[in-house]
>>> print(open('entry00.txt').read())   # compact mmCIF, N, CA and C atoms
# COMPACT_ATOMS: atom_id res chain seq x y z
N MET M 1 19.25 -17.49 -44.66
CA MET M 1 19.72 -16.21 -45.15
C MET M 1 21.20 -16.32 -45.45
N SER M 2 21.59 -15.95 -46.62
CA SER M 2 22.99 -15.97 -46.99
C SER M 2 23.55 -14.56 -46.86
N THR M 3 24.75 -14.48 -46.34
CA THR M 3 25.38 -13.17 -46.21
C THR M 3 26.49 -12.98 -47.24
N ALA M 4 26.56 -13.88 -48.21
CA ALA M 4 27.65 -13.83 -49.18
C ALA M 4 27.62 -12.54 -50.00
N ASN M 5 26.44 -12.04 -50.34
CA ASN M 5 26.35 -10.86 -51.17
C ASN M 5 26.56 -9.56 -50.42
N ASN M 6 26.04 -9.45 -49.21
CA ASN M 6 26.19 -8.24 -48.44
C ASN M 6 26.35 -8.57 -46.96
N PRO M 7 27.55 -8.98 -46.57
CA PRO M 7 27.75 -9.38 -45.17
C PRO M 7 27.56 -8.22 -44.20
N VAL M 8 27.91 -7.02 -44.60
CA VAL M 8 27.80 -5.88 -43.68
C VAL M 8 26.36 -5.67 -43.26
N GLU M 9 25.46 -5.64 -44.21
CA GLU M 9 24.04 -5.41 -43.92
C GLU M 9 23.43 -6.56 -43.12
N ALA M 10 23.70 -7.78 -43.55
CA ALA M 10 23.12 -8.94 -42.87
C ALA M 10 23.63 -9.07 -41.45
N LEU M 11 24.91 -8.90 -41.24
CA LEU M 11 25.47 -9.06 -39.90
C LEU M 11 25.08 -7.89 -38.99
N ALA M 12 24.93 -6.72 -39.55
CA ALA M 12 24.54 -5.55 -38.75
C ALA M 12 23.18 -5.78 -38.09
N LYS M 13 22.32 -6.54 -38.74
CA LYS M 13 21.00 -6.83 -38.16
C LYS M 13 21.13 -7.61 -36.85
N GLY M 14 22.21 -8.32 -36.69
CA GLY M 14 22.45 -9.08 -35.47
C GLY M 14 23.36 -8.38 -34.50
N GLY M 15 23.67 -7.12 -34.77
CA GLY M 15 24.55 -6.38 -33.87
C GLY M 15 26.01 -6.73 -34.06
N ILE M 16 26.37 -7.10 -35.27
CA ILE M 16 27.75 -7.49 -35.58
C ILE M 16 28.34 -6.44 -36.52
N ASP M 17 29.49 -5.92 -36.15
CA ASP M 17 30.16 -4.91 -36.96
C ASP M 17 31.21 -5.60 -37.84
N TYR M 18 30.77 -5.96 -39.04
CA TYR M 18 31.63 -6.71 -39.96
C TYR M 18 32.84 -5.89 -40.39
N ALA M 19 32.66 -4.61 -40.63
CA ALA M 19 33.78 -3.76 -41.05
C ALA M 19 34.85 -3.73 -39.95
N GLU M 20 34.43 -3.58 -38.71
CA GLU M 20 35.37 -3.60 -37.58
C GLU M 20 36.07 -4.96 -37.50
N ALA M 21 35.29 -6.02 -37.71
CA ALA M 21 35.87 -7.37 -37.66
C ALA M 21 36.93 -7.54 -38.75
N MET M 22 36.66 -7.02 -39.93
CA MET M 22 37.64 -7.15 -41.01
C MET M 22 38.90 -6.36 -40.70
N ASP M 23 38.76 -5.22 -40.03
CA ASP M 23 39.95 -4.49 -39.58
C ASP M 23 40.74 -5.35 -38.59
N ARG M 24 40.04 -5.95 -37.66
CA ARG M 24 40.68 -6.75 -36.62
C ARG M 24 41.31 -8.02 -37.21
N PHE M 25 40.66 -8.60 -38.21
CA PHE M 25 41.14 -9.86 -38.80
C PHE M 25 41.97 -9.63 -40.06
N GLY M 26 42.40 -8.40 -40.27
CA GLY M 26 43.26 -8.10 -41.41
C GLY M 26 42.62 -8.41 -42.75
N GLY M 27 41.29 -8.29 -42.82
CA GLY M 27 40.57 -8.54 -44.06
C GLY M 27 40.37 -10.01 -44.39
N ASN M 28 40.73 -10.89 -43.48
CA ASN M 28 40.63 -12.34 -43.73
C ASN M 28 39.21 -12.81 -43.41
N ASP M 29 38.35 -12.73 -44.41
CA ASP M 29 36.95 -13.11 -44.25
C ASP M 29 36.80 -14.59 -43.89
N ALA M 30 37.58 -15.45 -44.51
CA ALA M 30 37.46 -16.89 -44.24
C ALA M 30 37.78 -17.20 -42.78
N LEU M 31 38.83 -16.59 -42.25
CA LEU M 31 39.17 -16.80 -40.84
C LEU M 31 38.07 -16.27 -39.93
N TYR M 32 37.57 -15.09 -40.25
CA TYR M 32 36.50 -14.52 -39.43
C TYR M 32 35.27 -15.42 -39.43
N ARG M 33 34.86 -15.87 -40.60
CA ARG M 33 33.69 -16.75 -40.68
C ARG M 33 33.88 -18.01 -39.85
N ARG M 34 35.07 -18.60 -39.97
CA ARG M 34 35.35 -19.83 -39.24
C ARG M 34 35.25 -19.60 -37.72
N LEU M 35 35.82 -18.52 -37.25
CA LEU M 35 35.79 -18.24 -35.80
C LEU M 35 34.43 -17.76 -35.34
N ALA M 36 33.76 -16.96 -36.14
CA ALA M 36 32.43 -16.47 -35.76
C ALA M 36 31.45 -17.62 -35.63
N VAL M 37 31.50 -18.55 -36.56
CA VAL M 37 30.58 -19.69 -36.53
C VAL M 37 30.86 -20.58 -35.32
N LYS M 38 32.11 -20.64 -34.86
CA LYS M 38 32.43 -21.42 -33.66
C LYS M 38 31.69 -20.88 -32.44
N PHE M 39 31.31 -19.62 -32.48
CA PHE M 39 30.56 -19.04 -31.36
C PHE M 39 29.26 -19.80 -31.13
N LEU M 40 28.71 -20.39 -32.15
CA LEU M 40 27.46 -21.14 -32.01
C LEU M 40 27.61 -22.29 -31.01
N ASP M 41 28.83 -22.77 -30.81
CA ASP M 41 29.09 -23.86 -29.86
C ASP M 41 29.62 -23.37 -28.52
N ASP M 42 29.80 -22.07 -28.38
CA ASP M 42 30.35 -21.53 -27.14
C ASP M 42 29.35 -21.71 -25.99
N ARG M 43 29.84 -22.09 -24.83
CA ARG M 43 28.96 -22.38 -23.69
C ARG M 43 29.10 -21.39 -22.54
N HIS M 44 29.80 -20.29 -22.74
CA HIS M 44 29.95 -19.31 -21.65
C HIS M 44 28.62 -18.68 -21.25
N PHE M 45 27.75 -18.45 -22.23
CA PHE M 45 26.45 -17.85 -21.89
C PHE M 45 25.65 -18.77 -20.98
N GLU M 46 25.56 -20.03 -21.35
CA GLU M 46 24.82 -20.99 -20.53
C GLU M 46 25.44 -21.13 -19.15
N ALA M 47 26.77 -21.15 -19.09
CA ALA M 47 27.46 -21.25 -17.80
C ALA M 47 27.21 -19.99 -16.96
N LEU M 48 27.13 -18.85 -17.60
CA LEU M 48 26.81 -17.60 -16.89
C LEU M 48 25.41 -17.68 -16.30
N GLU M 49 24.46 -18.12 -17.11
CA GLU M 49 23.08 -18.26 -16.61
C GLU M 49 23.03 -19.20 -15.40
N LYS M 50 23.70 -20.32 -15.50
CA LYS M 50 23.70 -21.31 -14.42
C LYS M 50 24.33 -20.74 -13.16
N ALA M 51 25.44 -20.05 -13.31
CA ALA M 51 26.12 -19.45 -12.16
C ALA M 51 25.24 -18.39 -11.50
N LEU M 52 24.56 -17.58 -12.30
CA LEU M 52 23.67 -16.56 -11.73
C LEU M 52 22.49 -17.22 -11.01
N GLU M 53 21.95 -18.26 -11.61
CA GLU M 53 20.82 -18.97 -10.98
C GLU M 53 21.21 -19.56 -9.63
N SER M 54 22.44 -20.03 -9.53
CA SER M 54 22.90 -20.65 -8.28
C SER M 54 23.46 -19.62 -7.30
N GLY M 55 23.57 -18.36 -7.75
CA GLY M 55 24.08 -17.30 -6.88
C GLY M 55 25.59 -17.28 -6.74
N ASP M 56 26.28 -17.93 -7.66
CA ASP M 56 27.75 -17.98 -7.63
C ASP M 56 28.32 -16.79 -8.41
N ALA M 57 28.51 -15.69 -7.70
CA ALA M 57 28.96 -14.45 -8.35
C ALA M 57 30.36 -14.58 -8.93
N GLU M 58 31.25 -15.31 -8.26
CA GLU M 58 32.62 -15.46 -8.76
C GLU M 58 32.64 -16.22 -10.08
N GLN M 59 31.92 -17.33 -10.14
CA GLN M 59 31.86 -18.10 -11.39
C GLN M 59 31.14 -17.30 -12.47
N ALA M 60 30.09 -16.61 -12.09
CA ALA M 60 29.35 -15.78 -13.06
C ALA M 60 30.27 -14.72 -13.64
N PHE M 61 31.10 -14.11 -12.80
CA PHE M 61 32.03 -13.10 -13.30
C PHE M 61 33.01 -13.72 -14.30
N ARG M 62 33.55 -14.88 -13.97
CA ARG M 62 34.50 -15.53 -14.90
C ARG M 62 33.84 -15.81 -16.25
N GLU M 63 32.60 -16.30 -16.21
CA GLU M 63 31.90 -16.60 -17.45
C GLU M 63 31.57 -15.33 -18.23
N ALA M 64 31.11 -14.30 -17.52
CA ALA M 64 30.78 -13.03 -18.18
C ALA M 64 32.03 -12.42 -18.80
N HIS M 65 33.13 -12.47 -18.07
CA HIS M 65 34.38 -11.90 -18.56
C HIS M 65 34.88 -12.65 -19.80
N SER M 66 34.77 -13.98 -19.78
CA SER M 66 35.17 -14.78 -20.95
C SER M 66 34.27 -14.48 -22.14
N LEU M 67 32.97 -14.43 -21.89
CA LEU M 67 32.02 -14.11 -22.95
C LEU M 67 32.33 -12.74 -23.55
N LYS M 68 32.58 -11.78 -22.69
CA LYS M 68 32.89 -10.41 -23.14
C LYS M 68 34.11 -10.41 -24.06
N GLY M 69 35.13 -11.17 -23.70
CA GLY M 69 36.34 -11.22 -24.52
C GLY M 69 36.09 -11.84 -25.89
N ILE M 70 35.34 -12.91 -25.90
CA ILE M 70 35.05 -13.60 -27.16
C ILE M 70 34.23 -12.71 -28.09
N VAL M 71 33.14 -12.16 -27.57
CA VAL M 71 32.25 -11.38 -28.43
C VAL M 71 32.90 -10.05 -28.83
N GLY M 72 33.76 -9.53 -27.97
CA GLY M 72 34.49 -8.32 -28.34
C GLY M 72 35.44 -8.57 -29.49
N ASN M 73 36.17 -9.68 -29.43
CA ASN M 73 37.11 -10.03 -30.49
C ASN M 73 36.41 -10.30 -31.81
N LEU M 74 35.17 -10.77 -31.74
CA LEU M 74 34.42 -11.08 -32.96
C LEU M 74 33.58 -9.90 -33.44
N SER M 75 33.67 -8.77 -32.75
CA SER M 75 32.92 -7.55 -33.11
C SER M 75 31.42 -7.74 -33.06
N PHE M 76 30.96 -8.52 -32.09
CA PHE M 76 29.53 -8.64 -31.82
C PHE M 76 29.18 -7.49 -30.89
N THR M 77 29.04 -6.31 -31.45
CA THR M 77 29.04 -5.07 -30.67
C THR M 77 27.91 -4.96 -29.66
N ASP M 78 26.70 -5.33 -30.02
CA ASP M 78 25.59 -5.24 -29.07
C ASP M 78 25.81 -6.21 -27.91
N LEU M 79 26.17 -7.43 -28.24
CA LEU M 79 26.41 -8.44 -27.22
C LEU M 79 27.59 -8.04 -26.33
N TYR M 80 28.60 -7.47 -26.94
CA TYR M 80 29.77 -7.01 -26.18
C TYR M 80 29.39 -5.92 -25.18
N ARG M 81 28.64 -4.94 -25.64
CA ARG M 81 28.26 -3.82 -24.78
C ARG M 81 27.51 -4.32 -23.55
N ILE M 82 26.57 -5.22 -23.75
CA ILE M 82 25.78 -5.73 -22.62
C ILE M 82 26.64 -6.64 -21.74
N SER M 83 27.53 -7.42 -22.35
CA SER M 83 28.43 -8.27 -21.58
C SER M 83 29.32 -7.43 -20.66
N CYS M 84 29.72 -6.27 -21.14
CA CYS M 84 30.52 -5.36 -20.31
C CYS M 84 29.75 -4.93 -19.07
N HIS M 85 28.47 -4.62 -19.23
CA HIS M 85 27.66 -4.20 -18.10
C HIS M 85 27.53 -5.32 -17.06
N ILE M 86 27.30 -6.53 -17.55
CA ILE M 86 27.17 -7.66 -16.62
C ILE M 86 28.50 -7.93 -15.93
N SER M 87 29.57 -7.92 -16.69
CA SER M 87 30.89 -8.16 -16.11
C SER M 87 31.21 -7.11 -15.05
N ASP M 88 30.92 -5.85 -15.35
CA ASP M 88 31.17 -4.77 -14.39
C ASP M 88 30.34 -4.95 -13.12
N ALA M 89 29.07 -5.31 -13.28
CA ALA M 89 28.19 -5.52 -12.12
C ALA M 89 28.74 -6.65 -11.25
N LEU M 90 29.17 -7.72 -11.88
CA LEU M 90 29.68 -8.86 -11.13
C LEU M 90 31.04 -8.56 -10.50
N ARG M 91 31.86 -7.78 -11.18
CA ARG M 91 33.14 -7.37 -10.60
C ARG M 91 32.89 -6.60 -9.31
N ASP M 92 31.80 -5.82 -9.30
CA ASP M 92 31.43 -5.05 -8.11
C ASP M 92 30.65 -5.89 -7.10
N GLY M 93 30.42 -7.16 -7.41
CA GLY M 93 29.69 -8.05 -6.51
C GLY M 93 28.19 -7.86 -6.54
N ASN M 94 27.67 -7.21 -7.56
CA ASN M 94 26.24 -6.92 -7.64
C ASN M 94 25.54 -7.96 -8.52
N ILE M 95 25.26 -9.11 -7.92
CA ILE M 95 24.65 -10.21 -8.67
C ILE M 95 23.21 -9.86 -9.09
N VAL M 96 22.51 -9.07 -8.29
CA VAL M 96 21.13 -8.68 -8.63
C VAL M 96 21.12 -7.86 -9.91
N ALA M 97 22.02 -6.90 -10.02
CA ALA M 97 22.10 -6.08 -11.23
C ALA M 97 22.44 -6.94 -12.44
N ALA M 98 23.36 -7.89 -12.25
CA ALA M 98 23.73 -8.78 -13.35
C ALA M 98 22.53 -9.61 -13.79
N GLN M 99 21.77 -10.12 -12.84
CA GLN M 99 20.59 -10.91 -13.18
C GLN M 99 19.58 -10.07 -13.96
N GLU M 100 19.47 -8.80 -13.62
CA GLU M 100 18.53 -7.93 -14.32
C GLU M 100 18.97 -7.63 -15.75
N ILE M 101 20.24 -7.75 -16.01
CA ILE M 101 20.78 -7.47 -17.35
C ILE M 101 20.71 -8.71 -18.25
N MET M 102 20.39 -9.86 -17.68
CA MET M 102 20.39 -11.09 -18.46
C MET M 102 19.37 -11.08 -19.60
N ALA M 103 18.21 -10.47 -19.40
CA ALA M 103 17.21 -10.47 -20.48
C ALA M 103 17.73 -9.77 -21.73
N PRO M 104 18.29 -8.55 -21.60
CA PRO M 104 18.84 -7.93 -22.82
C PRO M 104 20.04 -8.70 -23.39
N LEU M 105 20.83 -9.32 -22.50
CA LEU M 105 21.94 -10.13 -22.99
C LEU M 105 21.42 -11.31 -23.80
N ARG M 106 20.40 -11.95 -23.31
CA ARG M 106 19.79 -13.09 -23.99
C ARG M 106 19.27 -12.66 -25.37
N GLU M 107 18.59 -11.52 -25.42
CA GLU M 107 18.06 -11.02 -26.70
C GLU M 107 19.18 -10.74 -27.69
N ALA M 108 20.24 -10.10 -27.23
CA ALA M 108 21.36 -9.80 -28.11
C ALA M 108 22.02 -11.08 -28.60
N ARG M 109 22.13 -12.07 -27.73
CA ARG M 109 22.72 -13.34 -28.12
C ARG M 109 21.86 -14.04 -29.17
N VAL M 110 20.56 -14.03 -28.98
CA VAL M 110 19.65 -14.64 -29.96
C VAL M 110 19.83 -13.98 -31.33
N SER M 111 19.94 -12.66 -31.35
CA SER M 111 20.14 -11.94 -32.62
C SER M 111 21.42 -12.38 -33.30
N VAL M 112 22.49 -12.50 -32.52
CA VAL M 112 23.77 -12.93 -33.09
C VAL M 112 23.66 -14.36 -33.62
N VAL M 113 23.09 -15.24 -32.83
CA VAL M 113 22.97 -16.64 -33.23
C VAL M 113 22.16 -16.77 -34.51
N GLU M 114 21.05 -16.05 -34.60
CA GLU M 114 20.23 -16.13 -35.82
C GLU M 114 21.00 -15.70 -37.05
N VAL M 115 21.77 -14.64 -36.92
CA VAL M 115 22.55 -14.18 -38.06
C VAL M 115 23.68 -15.15 -38.38
N LEU M 116 24.34 -15.66 -37.35
CA LEU M 116 25.43 -16.60 -37.59
C LEU M 116 24.96 -17.88 -38.23
N GLU M 117 23.77 -18.31 -37.89
CA GLU M 117 23.25 -19.52 -38.54
C GLU M 117 23.10 -19.30 -40.05
N GLY M 118 22.73 -18.10 -40.45
CA GLY M 118 22.68 -17.76 -41.87
C GLY M 118 24.06 -17.56 -42.45
N PHE M 119 24.97 -17.04 -41.64
CA PHE M 119 26.34 -16.78 -42.05
C PHE M 119 27.05 -18.08 -42.36
N SER M 120 26.70 -19.12 -41.63
CA SER M 120 27.38 -20.40 -41.82
C SER M 120 26.78 -21.23 -42.94
N ALA M 121 25.61 -20.82 -43.42
CA ALA M 121 24.93 -21.60 -44.47
C ALA M 121 25.59 -21.45 -45.82
>>> encode(input="entry00.txt", output="structure tokens")
Amino acid sequence: MSTANNPVEALAKGGIDYAEAMDRFGGNDALYRRLAVKFLDDRHFEALEKALESGDAEQAFREAHSLKGIVGNLSFTDLYRISCHISDALRDGNIVAAQEIMAPLREARVSVVEVLEGFSA
């Protein structure tokens, strides 16, 4: 899927607010594309999963907080919203609540990744 003709519509399907991103990036589409596509190599999500599986709430919080910052800056709005919930739960020491939020976080991440793979094509 190419987003060259209508990036707003294509990216919105993945929970990405392109208009907000262009405001944040001063209208620099090339810079945004370059940074957004780098998210495909980001490992904070996997590190968050691993930390939650091992019960390491402190590491999980660091990973969730980093993920939240990255996706917020890139205007991945759905992923950001859910990352906020996980980060808040872990800040409060509630690893069980964070684990329960992982399924929607995973779904939102898959949506973003699918769109970004088309965005980078």
>>> closest_residue(input="entry00.txt", among="M:Leu31, M:Ala47, M:Leu79, M:Leu40", to="M:Ala108", atoms="only N, CA and C atoms")
M:Leu79
>>> atom_distance(input="entry00.txt", atom1="atom CA of M:Arg62", atom2="atom CA of M:Ala103")
18.9 Å
>>> atom_distance(input="entry00.txt", atom1="atom CA of M:Leu105", atom2="atom CA of M:Leu74")
16.0 Å
>>> residues_around(input="entry00.txt", residues="M:Cys84", least_positions_apart="3", cutoff="10 Å", atoms="only C-alpha atoms", output="count of residues only")
13
>>> closest_residue(input="entry00.txt", among="M:Val110, M:Ala21, M:Val71, M:Ala51", to="M:Lys38", atoms="only C-alpha atoms")
M:Val71
>>> select_by_dssp(input="entry00.txt", residues="stretch 7-102 of chain M", states="helix (DSSP H, G or I)", output="PyMOL selection string")
chain M and resi 7-12+18-24+29-41+44-54+57-73+77-91+95-102
>>> atom_distance(input="entry00.txt", atom1="atom C of M:Gly26", atom2="atom C of M:Arg106")
29.4 Å
>>> closest_atom_pairs(input="entry00.txt", of="stretch 4-63 of chain M", to="stretch 113-120 of chain M", cutoff="6.5 Å", atoms="all atoms listed in the file", output="Markdown table")
| residue | atom | partner | partner_atom | distance |
| --- | --- | --- | --- | --- |
| M:Ala10 | C | M:Val115 | CA | 6.2 |
| M:Leu11 | CA | M:Val115 | CA | 6.2 |
| M:Gly14 | CA | M:Val115 | CA | 5.7 |
| M:Ala36 | C | M:Leu116 | CA | 6.4 |
| M:Val37 | CA | M:Leu116 | CA | 6.1 |
| M:Leu40 | CA | M:Val113 | CA | 6.5 |
>>> write_last_selection(input="entry00.txt", atoms="N, CA and C atoms", output="short mmCIF file (atom, residue, chain, number, x, y, z; two decimals), in the coordinates of the input")
data_model
loop_
_atom_site.label_atom_id
_atom_site.label_comp_id
_atom_site.auth_asym_id
_atom_site.auth_seq_id
_atom_site.Cartn_x
_atom_site.Cartn_y
_atom_site.Cartn_z
N ALA M 10 23.70 -7.78 -43.55
CA ALA M 10 23.12 -8.94 -42.87
C ALA M 10 23.63 -9.07 -41.45
N LEU M 11 24.91 -8.90 -41.24
CA LEU M 11 25.47 -9.06 -39.90
C LEU M 11 25.08 -7.89 -38.99
N GLY M 14 22.21 -8.32 -36.69
CA GLY M 14 22.45 -9.08 -35.47
C GLY M 14 23.36 -8.38 -34.50
N ALA M 36 33.76 -16.96 -36.14
CA ALA M 36 32.43 -16.47 -35.76
C ALA M 36 31.45 -17.62 -35.63
N VAL M 37 31.50 -18.55 -36.56
CA VAL M 37 30.58 -19.69 -36.53
C VAL M 37 30.86 -20.58 -35.32
N LEU M 40 28.71 -20.39 -32.15
CA LEU M 40 27.46 -21.14 -32.01
C LEU M 40 27.61 -22.29 -31.01
#
>>> closest_residue(input="entry00.txt", among="M:Ser83, M:Asn73, M:Asn28, M:Ser111", to="M:Phe45", atoms="only C-alpha atoms")
M:Ser83
>>> residues_around(input="entry00.txt", residues="M:Glu20", least_positions_apart="3", cutoff="7 Å", atoms="all atoms listed in the file", output="list in words")
Asp17, Asp23, Arg24, Phe25, Leu74 and Ser75 of chain M
>>> closest_residue(input="entry00.txt", among="M:Ile101, M:Val112, M:Leu52, M:Val8", to="M:Ile82", atoms="all atoms listed in the file")
M:Ile101
